[in-house]
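**Q** Coordinates in target_10.cif, mmCIF, C-alpha atoms and all ligand atoms, are listed below.
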```
data_model
loop_
_atom_site.group_PDB
_atom_site.id
_atom_site.type_symbol
_atom_site.label_atom_id
_atom_site.label_comp_id
_atom_site.auth_asym_id
_atom_site.auth_seq_id
_atom_site.Cartn_x
_atom_site.Cartn_y
_atom_site.Cartn_z
ATOM 1 C CA MET A 28 50.046 135.141 96.141
ATOM 2 C CA GLN A 29 51.843 135.333 99.460
ATOM 3 C CA GLU A 30 52.735 131.638 99.220
ATOM 4 C CA GLN A 31 54.127 131.956 95.696
ATOM 5 C CA GLU A 32 56.516 134.669 96.770
ATOM 6 C CA LYS A 33 58.019 132.388 99.389
ATOM 7 C CA LYS A 34 58.993 129.703 96.870
ATOM 8 C CA PRO A 35 62.743 129.498 96.280
ATOM 9 C CA ILE A 36 64.083 130.210 92.806
ATOM 10 C CA HIS A 37 65.631 127.227 91.060
ATOM 11 C CA ILE A 38 68.306 127.725 88.439
ATOM 12 C CA HIS A 39 69.007 124.934 85.970
ATOM 13 C CA PRO A 40 72.443 123.382 86.684
ATOM 14 C CA LEU A 41 73.617 124.122 83.130
ATOM 15 C CA THR A 42 72.723 127.794 83.480
ATOM 16 C CA ARG A 43 74.458 127.839 86.854
ATOM 17 C CA VAL A 44 77.680 126.372 85.454
ATOM 18 C CA ILE A 45 77.710 128.619 82.367
ATOM 19 C CA ASP A 46 77.173 131.696 84.563
ATOM 20 C CA ASP A 47 80.033 130.564 86.831
ATOM 21 C CA MET A 48 82.374 129.952 83.895
ATOM 22 C CA ASN A 49 81.573 133.288 82.295
ATOM 23 C CA ARG A 50 82.219 135.136 85.538
ATOM 24 C CA ILE A 51 85.557 133.364 86.154
ATOM 25 C CA PHE A 52 86.851 133.905 82.623
ATOM 26 C CA PHE A 53 85.649 137.512 82.688
ATOM 27 C CA GLU A 54 87.623 138.072 85.925
ATOM 28 C CA MET A 55 90.657 136.544 84.187
ATOM 29 C CA GLY A 56 90.367 139.175 81.463
ATOM 30 C CA PHE A 57 88.718 137.110 78.724
ATOM 31 C CA THR A 58 86.141 138.700 76.430
ATOM 32 C CA LEU A 59 82.846 136.795 76.160
ATOM 33 C CA VAL A 60 81.896 136.230 72.518
ATOM 34 C CA ASP A 61 78.830 134.797 70.824
ATOM 35 C CA GLY A 62 78.405 133.410 67.314
ATOM 36 C CA PRO A 63 75.864 131.796 64.995
ATOM 37 C CA GLU A 64 74.621 128.244 65.589
ATOM 38 C CA LEU A 65 73.789 127.873 61.888
ATOM 39 C CA GLU A 66 77.253 127.909 60.338
ATOM 40 C CA ASP A 67 78.913 127.483 56.970
ATOM 41 C CA GLU A 68 81.381 124.740 56.128
ATOM 42 C CA TYR A 69 84.256 127.201 55.857
ATOM 43 C CA HIS A 70 84.059 128.478 59.460
ATOM 44 C CA ASN A 71 83.184 125.125 61.008
ATOM 45 C CA PHE A 72 85.734 122.969 59.149
ATOM 46 C CA ASP A 73 87.916 124.501 56.382
ATOM 47 C CA ALA A 74 89.364 127.423 58.354
ATOM 48 C CA LEU A 75 90.039 125.068 61.278
ATOM 49 C CA ASN A 76 92.287 122.879 59.138
ATOM 50 C CA VAL A 77 89.873 119.930 59.218
ATOM 51 C CA PRO A 78 90.715 117.791 56.142
ATOM 52 C CA LYS A 79 88.113 117.647 53.345
ATOM 53 C CA ASP A 80 87.696 113.892 53.820
ATOM 54 C CA HIS A 81 87.512 114.017 57.642
ATOM 55 C CA PRO A 82 84.687 111.754 58.944
ATOM 56 C CA ALA A 83 83.333 114.597 61.121
ATOM 57 C CA ARG A 84 82.046 116.211 57.910
ATOM 58 C CA ASP A 85 79.952 113.141 57.197
ATOM 59 C CA MET A 86 76.139 113.230 57.132
ATOM 60 C CA GLN A 87 76.184 110.798 60.050
ATOM 61 C CA ASP A 88 78.027 113.239 62.279
ATOM 62 C CA THR A 89 76.828 116.652 61.138
ATOM 63 C CA PHE A 90 73.359 118.129 60.630
ATOM 64 C CA TRP A 91 73.524 119.626 57.134
ATOM 65 C CA ILE A 92 70.867 122.165 56.208
ATOM 66 C CA LYS A 93 69.725 122.637 52.595
ATOM 67 C CA PRO A 94 69.914 126.208 51.261
ATOM 68 C CA ASN A 95 66.628 128.119 51.052
ATOM 69 C CA LYS A 96 66.509 129.123 47.381
ATOM 70 C CA ASN A 97 63.592 131.524 48.052
ATOM 71 C CA PHE A 98 66.076 133.712 49.935
ATOM 72 C CA GLY A 99 68.770 133.304 47.296
ATOM 73 C CA GLU A 100 70.918 131.105 49.566
ATOM 74 C CA LYS A 101 73.652 129.088 47.912
ATOM 75 C CA GLY A 102 75.467 126.092 49.351
ATOM 76 C CA ASP A 103 74.588 123.919 52.296
ATOM 77 C CA LYS A 104 74.820 125.222 55.829
ATOM 78 C CA LEU A 105 75.281 123.138 58.958
ATOM 79 C CA MET A 106 74.480 123.244 62.637
ATOM 80 C CA ARG A 107 77.876 124.035 64.166
ATOM 81 C CA THR A 108 79.585 120.952 65.579
ATOM 82 C CA GLN A 109 81.963 122.971 67.761
ATOM 83 C CA THR A 110 82.211 126.490 69.124
ATOM 84 C CA SER A 111 85.672 126.799 67.500
ATOM 85 C CA ALA A 112 83.875 128.349 64.518
ATOM 86 C CA VAL A 113 83.321 131.423 66.701
ATOM 87 C CA GLN A 114 87.104 131.768 67.180
ATOM 88 C CA ILE A 115 87.560 132.007 63.429
ATOM 89 C CA ARG A 116 84.887 134.711 63.157
ATOM 90 C CA PHE A 117 86.473 136.593 66.067
ATOM 91 C CA MET A 118 89.997 136.392 64.596
ATOM 92 C CA GLU A 119 88.706 137.626 61.212
ATOM 93 C CA ASN A 120 87.465 140.808 62.858
ATOM 94 C CA ASN A 121 89.998 141.532 65.609
ATOM 95 C CA LYS A 122 93.705 142.262 65.734
ATOM 96 C CA PRO A 123 95.825 140.429 68.352
ATOM 97 C CA PRO A 124 96.636 140.411 71.211
ATOM 98 C CA PHE A 125 93.319 139.163 72.549
ATOM 99 C CA LYS A 126 91.774 136.493 74.719
ATOM 100 C CA MET A 127 88.201 135.344 74.360
ATOM 101 C CA VAL A 128 85.816 132.566 75.391
ATOM 102 C CA CYS A 129 82.645 131.463 73.657
ATOM 103 C CA PRO A 130 80.270 129.155 75.476
ATOM 104 C CA GLY A 131 77.361 127.870 73.392
ATOM 105 C CA LYS A 132 75.277 125.077 71.937
ATOM 106 C CA VAL A 133 76.747 122.566 69.488
ATOM 107 C CA PHE A 134 75.038 119.837 67.477
ATOM 108 C CA ARG A 135 75.954 116.305 66.425
ATOM 109 C CA ASN A 136 73.888 113.946 64.340
ATOM 110 C CA GLU A 137 74.156 110.920 66.591
ATOM 111 C CA ALA A 138 72.014 108.486 68.537
ATOM 112 C CA THR A 139 71.399 109.567 72.111
ATOM 113 C CA ASP A 140 72.269 107.596 75.207
ATOM 114 C CA ALA A 141 73.286 108.363 78.799
ATOM 115 C CA ARG A 142 76.508 110.057 77.602
ATOM 116 C CA HIS A 143 75.483 111.471 74.216
ATOM 117 C CA GLU A 144 72.945 114.037 73.116
ATOM 118 C CA ALA A 145 72.349 115.535 69.662
ATOM 119 C CA MET A 146 72.620 119.000 71.224
ATOM 120 C CA PHE A 147 74.961 119.906 74.037
ATOM 121 C CA HIS A 148 77.215 122.756 75.187
ATOM 122 C CA HIS A 149 80.846 123.602 74.538
ATOM 123 C CA CYS A 150 83.009 126.325 75.950
ATOM 124 C CA GLU A 151 85.935 127.371 73.837
ATOM 125 C CA GLY A 152 88.778 129.658 74.792
ATOM 126 C CA LEU A 153 91.436 131.345 72.697
ATOM 127 C CA LEU A 154 94.410 133.532 73.497
ATOM 128 C CA VAL A 155 96.669 135.064 70.854
ATOM 129 C CA ALA A 156 99.694 137.130 71.844
ATOM 130 C CA LYS A 157 103.477 137.209 71.468
ATOM 131 C CA ASN A 158 105.648 134.637 73.265
ATOM 132 C CA VAL A 159 102.818 132.344 74.333
ATOM 133 C CA SER A 160 103.627 128.763 75.295
ATOM 134 C CA LEU A 161 102.006 125.593 76.604
ATOM 135 C CA ALA A 162 103.011 126.730 80.105
ATOM 136 C CA ASP A 163 100.624 129.698 79.749
ATOM 137 C CA LEU A 164 97.863 127.319 78.684
ATOM 138 C CA LYS A 165 98.518 125.124 81.686
ATOM 139 C CA SER A 166 98.450 127.989 84.170
ATOM 140 C CA THR A 167 95.236 129.374 82.633
ATOM 141 C CA ILE A 168 93.504 125.993 82.867
ATOM 142 C CA ASN A 169 94.837 125.517 86.400
ATOM 143 C CA THR A 170 93.525 128.885 87.554
ATOM 144 C CA PHE A 171 90.153 128.291 85.930
ATOM 145 C CA PHE A 172 89.581 124.889 87.533
ATOM 146 C CA ASP A 173 90.812 126.052 90.959
ATOM 147 C CA LYS A 174 88.241 128.854 90.865
ATOM 148 C CA PHE A 175 85.499 126.806 89.261
ATOM 149 C CA LEU A 176 85.779 123.816 91.596
ATOM 150 C CA LYS A 177 86.737 126.014 94.546
ATOM 151 C CA LYS A 178 89.601 123.640 95.398
ATOM 152 C CA ASN A 179 93.176 123.139 94.355
ATOM 153 C CA VAL A 180 93.442 120.571 91.586
ATOM 154 C CA ASP A 181 96.377 119.166 89.676
ATOM 155 C CA VAL A 182 96.332 119.441 85.909
ATOM 156 C CA ARG A 183 98.069 117.046 83.561
ATOM 157 C CA PHE A 184 98.512 117.107 79.790
ATOM 158 C CA ARG A 185 98.431 114.054 77.538
ATOM 159 C CA THR A 186 99.436 114.426 73.903
ATOM 160 C CA SER A 187 96.570 114.164 71.451
ATOM 161 C CA TYR A 188 95.541 115.217 67.957
ATOM 162 C CA PHE A 189 93.093 117.893 66.859
ATOM 163 C CA PRO A 190 93.498 119.362 63.344
ATOM 164 C CA PHE A 191 93.425 123.004 64.522
ATOM 165 C CA VAL A 192 96.235 122.773 67.103
ATOM 166 C CA GLU A 193 99.859 121.662 67.085
ATOM 167 C CA PRO A 194 100.828 120.224 69.480
ATOM 168 C CA GLY A 195 97.460 119.055 70.785
ATOM 169 C CA VAL A 196 96.759 117.835 74.298
ATOM 170 C CA GLU A 197 93.997 116.305 76.352
ATOM 171 C CA ILE A 198 93.684 117.838 79.783
ATOM 172 C CA ASP A 199 93.001 115.807 82.896
ATOM 173 C CA VAL A 200 92.259 117.306 86.281
ATOM 174 C CA SER A 201 92.852 115.421 89.522
ATOM 175 C CA CYS A 202 89.553 113.943 90.747
ATOM 176 C CA PHE A 203 87.911 116.475 93.031
ATOM 177 C CA LYS A 204 85.841 113.843 94.804
ATOM 178 C CA CYS A 205 88.573 111.468 96.016
ATOM 179 C CA LYS A 206 91.255 114.211 95.811
ATOM 180 C CA GLY A 207 93.157 112.265 93.171
ATOM 181 C CA GLU A 208 93.552 109.174 95.306
ATOM 182 C CA GLY A 209 91.712 107.008 92.775
ATOM 183 C CA LYS A 210 89.256 105.714 95.298
ATOM 184 C CA CYS A 211 85.907 106.697 93.810
ATOM 185 C CA GLN A 212 83.506 105.845 91.016
ATOM 186 C CA LEU A 213 83.483 109.359 89.583
ATOM 187 C CA CYS A 214 87.033 108.905 88.248
ATOM 188 C CA GLY A 215 86.651 105.148 87.762
ATOM 189 C CA GLY A 216 89.455 104.605 90.267
ATOM 190 C CA SER A 217 92.047 106.433 88.157
ATOM 191 C CA GLY A 218 92.286 109.606 90.243
ATOM 192 C CA TRP A 219 91.939 111.738 87.085
ATOM 193 C CA LEU A 220 89.027 113.243 85.163
ATOM 194 C CA GLU A 221 89.301 114.017 81.446
ATOM 195 C CA LEU A 222 87.959 117.532 81.133
ATOM 196 C CA ALA A 223 89.221 119.326 78.049
ATOM 197 C CA GLY A 224 91.043 119.262 74.751
ATOM 198 C CA ALA A 225 93.549 121.984 73.940
ATOM 199 C CA GLY A 226 96.777 122.940 72.253
ATOM 200 C CA MET A 227 98.819 125.631 70.532
ATOM 201 C CA VAL A 228 96.840 127.145 67.641
ATOM 202 C CA HIS A 229 98.024 125.603 64.359
ATOM 203 C CA PRO A 230 100.015 128.138 62.276
ATOM 204 C CA LYS A 231 97.753 127.327 59.290
ATOM 205 C CA VAL A 232 94.698 128.472 61.266
ATOM 206 C CA LEU A 233 96.361 131.783 62.201
ATOM 207 C CA ASN A 234 97.584 132.411 58.660
ATOM 208 C CA GLU A 235 94.132 131.575 57.246
ATOM 209 C CA VAL A 236 92.590 134.517 59.131
ATOM 210 C CA GLY A 237 95.448 136.888 58.261
ATOM 211 C CA ILE A 238 97.414 136.689 61.526
ATOM 212 C CA ASP A 239 101.150 136.245 60.910
ATOM 213 C CA SER A 240 102.089 132.991 62.668
ATOM 214 C CA ASN A 241 105.761 134.027 62.756
ATOM 215 C CA GLU A 242 104.882 137.015 64.906
ATOM 216 C CA TRP A 243 101.919 135.723 66.927
ATOM 217 C CA LYS A 244 101.288 132.513 68.840
ATOM 218 C CA GLY A 245 98.160 131.302 70.510
ATOM 219 C CA PHE A 246 96.606 128.596 72.583
ATOM 220 C CA ALA A 247 93.063 127.282 72.438
ATOM 221 C CA PHE A 248 91.076 125.024 74.707
ATOM 222 C CA GLY A 249 87.598 123.597 74.660
ATOM 223 C CA PHE A 250 85.528 121.583 77.055
ATOM 224 C CA GLY A 251 82.130 119.989 77.192
ATOM 225 C CA VAL A 252 80.045 122.015 79.595
ATOM 226 C CA ASP A 253 77.513 119.214 80.097
ATOM 227 C CA ARG A 254 80.284 116.896 81.252
ATOM 228 C CA LEU A 255 81.389 119.473 83.820
ATOM 229 C CA VAL A 256 77.808 119.798 85.062
ATOM 230 C CA MET A 257 77.426 116.027 85.270
ATOM 231 C CA LEU A 258 80.687 115.597 87.177
ATOM 232 C CA LYS A 259 80.132 118.516 89.514
ATOM 233 C CA TYR A 260 76.606 117.487 90.478
ATOM 234 C CA GLU A 261 77.035 113.733 89.903
ATOM 235 C CA ILE A 262 74.282 113.448 87.299
ATOM 236 C CA ASP A 263 74.676 110.176 85.417
ATOM 237 C CA ASP A 264 72.510 110.748 82.323
ATOM 238 C CA ILE A 265 72.993 113.756 80.014
ATOM 239 C CA ARG A 266 69.407 113.439 78.752
ATOM 240 C CA LEU A 267 68.164 114.541 82.191
ATOM 241 C CA LEU A 268 69.617 117.990 81.521
ATOM 242 C CA TYR A 269 67.310 118.483 78.531
ATOM 243 C CA SER A 270 64.248 116.565 79.707
ATOM 244 C CA GLY A 271 62.500 119.602 81.153
ATOM 245 C CA ASP A 272 61.833 117.483 84.238
ATOM 246 C CA LEU A 273 61.239 119.811 87.183
ATOM 247 C CA ARG A 274 62.274 117.091 89.615
ATOM 248 C CA LEU A 275 65.854 117.743 88.445
ATOM 249 C CA VAL A 276 65.706 121.546 88.404
ATOM 250 C CA ASN A 277 63.963 121.761 91.769
ATOM 251 C CA GLN A 278 67.043 120.246 93.417
ATOM 252 C CA PHE A 279 69.114 123.304 92.534
HETATM 253 ZN ZN ZN B 1 87.966 109.899 92.220
#
```
Please re-express this file's structure in structure tokens.

**A**
Amino acid sequence: MQEQEKKPIHIHPLTRVIDDMNRIFFEMGFTLVDGPELEDEYHNFDALNVPKDHPARDMQDTFWIKPNKNFGEKGDKLMRTQTSAVQIRFMENNKPPFKMVCPGKVFRNEATDARHEAMFHHCEGLLVAKNVSLADLKSTINTFFDKFLKKNVDVRFRTSYFPFVEPGVEIDVSCFKCKGEGKCQLCGGSGWLELAGAGMVHPKVLNEVGIDSNEWKGFAFGFGVDRLVMLKYEIDDIRLLYSGDLRLVNQF
């Protein structure tokens, strides 16, 4: 008994990172929000302006769940492919201004390898207020990564496309291992790490949930939590995070 008490407590690196993120965003005034993992097509795709014929809706990419007729269910459900669905549910029930984050599990129907799993974690953030711009997004992301990585990092935006934002950007952070010098394997010699997708909330998405896009603006961002864990702790295979192998956990 005495011996057992002496053993150190090990916290899974994913749990560690999610706890850290929650604390940082909470300190920055964001509300932590949770939502269902079993979603409907409307919240996961339609309300987010994802076109009806978008390949993400395909059987190959999404786990579709047949309705249980014994419970009177109608229409297929799906395992959410992104935590953005939670933003829609939050906006349906809250009046702006607000800022929220929703970390959680997401699911993709794909073959697994060192960089892909069928289940992984996203963290999504949303801010809706008056007079919001990309500059506010950039400073929020900057502050988060400075606190999260406990070092000063540079943030750069590259234009990109996501149906629910306009304009959309990919966010790179200067490599925290080689300090952006491009001299390490972690960043593949580029000096930058791709860490998030983001953008200004598409007016269609705001209008869909009854928020007047002429009066209110918003930004949203989302990142893969597993990728952050893998970069921070230099773990090279995502499957290790879900293997239940104590040899991994016992290192933390
Ligand atoms: Zn590097």

**Q** Grab me every residue within 6 Å of ligand ZN 1 (chain B), counting all atoms listed in the file, and send it over as a short mmCIF file (atom, residue, chain, number, x, y, z; two decimals) with C-alpha atoms, keeping the file's coordinate frame.

**A**
```
data_model
loop_
_atom_site.label_atom_id
_atom_site.label_comp_id
_atom_site.auth_asym_id
_atom_site.auth_seq_id
_atom_site.Cartn_x
_atom_site.Cartn_y
_atom_site.Cartn_z
CA CYS A 202 89.55 113.94 90.75
CA LYS A 204 85.84 113.84 94.80
CA CYS A 205 88.57 111.47 96.02
CA GLY A 207 93.16 112.26 93.17
CA GLY A 209 91.71 107.01 92.78
CA LYS A 210 89.26 105.71 95.30
CA CYS A 211 85.91 106.70 93.81
CA LEU A 213 83.48 109.36 89.58
CA CYS A 214 87.03 108.90 88.25
CA GLY A 216 89.46 104.60 90.27
CA GLY A 218 92.29 109.61 90.24
#
```

**Q** Which distance in Å separates CA of Lys132 (chain A) and CA of Gly271 (chain A), to one decimal?

**A** 16.7 Å

**Q** Taking 5 positions as the minimum chain separation for residues in the same chain, which residues sit within 9 Å of Ala83 (chain A) when counting only C-alpha atoms? Answer as number ranges by chain.

**A** A: 72, 77, 88-89, 108

**Q** Record the distance separating CA of Pro35 (chain A) and CA of Phe279 (chain A), expressed in Å with one decimal.

**A**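 CA of Phe279 (chain A) lies at a distance of 9.6 Å from CA of Pro35 (chain A).
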
**Q** Name all residues at most 12 Å from Leu233 (chain A) (count all atoms listed in the file; drop same-chain ones fewer than 2 positions away) and give them as a VMD selection string.

**A** chain A and resid 74 to 76 114 to 119 122 to 123 153 to 156 191 to 193 227 to 231 235 to 247

**Q** Given the choices A:Asp61, A:Asp47, A:Glu68, A:Glu144, which gets closest to Asp264 (chain A) if the distance is worked out from only C-alpha atoms?

**A**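 Closest to Asp264 (chain A), using only C-alpha atoms: A:Glu144.
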
**Q** May I ask for the distance between CA of Val252 (chain A) and CA of Lys178 (chain A), given in Å to one decimal place?

**A** 18.5 Å

**Q** What are the centre and edge lengths in Å, to one decimal, of the axis-aligned box around all listed atoms of region 211-222 of chain A with 5 Å added on each side, as JSON?

**A**
```
{"center_x": 87.9, "center_y": 111.1, "center_z": 87.5, "size_x": 18.8, "size_y": 22.9, "size_z": 22.7}
```

**Q** Any chance you could work out the residue set of the PyMOL selection byres (((chain A and resi 199) around 6) and not hetatm) here, as a list in words?

**A**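 Against this file, the PyMOL selection byres (((chain A and resi 199) around 6) and not hetatm) returns the residues Val182, Arg183, Ile198, Val200, Trp219, Leu220, Glu221 and Leu222 of chain A.
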
**Q** So what does the PyMOL selection byres (((chain A and resi 180) around 6) and not hetatm) actually pick up in this one, as a PyMOL selection string?

**A** chain A and resi 179+181+201

**Q** A:Gln212, A:Glu151, A:Tyr269, A:Gly226: which is nearest Arg185 (chain A), counting all atoms listed in the file?

**A** A:Gly226

**Q** Let me know the residues the PyMOL selection byres (((chain A and resi 65) around 9) and not hetatm) catches in the file above, as a list in words.

**A**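 This file, filtered by the PyMOL selection byres (((chain A and resi 65) around 9) and not hetatm), leaves Pro63, Glu64, Glu66, Asp67, Ile92, Lys104, Leu105, Met106 and Arg107 of chain A.
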
**Q** Choose the residue, out of A:Glu197, A:Asp263, A:Asp85, A:Asp272, that has the smallest atom-to-atom separation from Ile168 (chain A); count all atoms listed in the file.

**A**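 The shortest atom-to-atom distance to Ile168 (chain A) comes from A:Glu197.
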
**Q** Ranking A:Pro124, A:Phe57, A:Asn234, A:Phe248 by minimum distance to Phe184 (chain A) and counting all atoms listed in the file, which one comes first?

**A** A:Phe248

**Q** Using only C-alpha atoms, which of the listed residues (A:Asn49, A:Ser111, A:Ser270, A:Thr58) sits closest to Pro190 (chain A)?

**A**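 Nearest candidate to Pro190 (chain A) out of A:Asn49, A:Ser111, A:Ser270, A:Thr58: A:Ser111.
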
**Q** Mind completing region 100-113 of chain A with N, CA and C atoms? Output as an mmCIF file, in the coordinates of the input, please?

**A**
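Once written, selection-v7.cif looks like this:
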```
data_model
loop_
_atom_site.group_PDB
_atom_site.id
_atom_site.type_symbol
_atom_site.label_atom_id
_atom_site.label_comp_id
_atom_site.auth_asym_id
_atom_site.auth_seq_id
_atom_site.Cartn_x
_atom_site.Cartn_y
_atom_site.Cartn_z
ATOM 1 N N GLU A 100 69.773 131.732 48.907
ATOM 2 C CA GLU A 100 70.918 131.105 49.566
ATOM 3 C C GLU A 100 71.574 130.093 48.644
ATOM 4 N N LYS A 101 72.909 130.067 48.701
ATOM 5 C CA LYS A 101 73.652 129.088 47.912
ATOM 6 C C LYS A 101 74.493 128.234 48.853
ATOM 7 N N GLY A 102 74.600 126.963 48.551
ATOM 8 C CA GLY A 102 75.467 126.092 49.351
ATOM 9 C C GLY A 102 74.813 125.652 50.647
ATOM 10 N N ASP A 103 75.149 124.450 51.064
ATOM 11 C CA ASP A 103 74.588 123.919 52.296
ATOM 12 C C ASP A 103 75.163 124.645 53.509
ATOM 13 N N LYS A 104 74.336 124.748 54.535
ATOM 14 C CA LYS A 104 74.820 125.222 55.829
ATOM 15 C C LYS A 104 74.832 124.019 56.766
ATOM 16 N N LEU A 105 75.284 124.230 57.995
ATOM 17 C CA LEU A 105 75.281 123.138 58.958
ATOM 18 C C LEU A 105 75.054 123.707 60.345
ATOM 19 N N MET A 106 74.578 122.848 61.238
ATOM 20 C CA MET A 106 74.480 123.244 62.637
ATOM 21 C C MET A 106 75.891 123.066 63.214
ATOM 22 N N ARG A 107 76.459 124.118 63.764
ATOM 23 C CA ARG A 107 77.876 124.035 64.166
ATOM 24 C C ARG A 107 78.132 122.822 65.058
ATOM 25 N N THR A 108 79.250 122.140 64.796
ATOM 26 C CA THR A 108 79.585 120.952 65.579
ATOM 27 C C THR A 108 80.535 121.306 66.718
ATOM 28 N N GLN A 109 81.018 122.534 66.732
ATOM 29 C CA GLN A 109 81.963 122.971 67.761
ATOM 30 C C GLN A 109 81.912 124.498 67.833
ATOM 31 N N THR A 110 82.230 125.035 69.004
ATOM 32 C CA THR A 110 82.211 126.490 69.124
ATOM 33 C C THR A 110 83.490 127.105 68.555
ATOM 34 N N SER A 111 84.426 126.270 68.085
ATOM 35 C CA SER A 111 85.672 126.799 67.500
ATOM 36 C C SER A 111 85.388 127.708 66.315
ATOM 37 N N ALA A 112 84.240 127.498 65.648
ATOM 38 C CA ALA A 112 83.875 128.349 64.518
ATOM 39 C C ALA A 112 83.813 129.817 64.951
ATOM 40 N N VAL A 113 83.426 130.051 66.197
ATOM 41 C CA VAL A 113 83.321 131.423 66.701
ATOM 42 C C VAL A 113 84.707 132.075 66.792
#
```
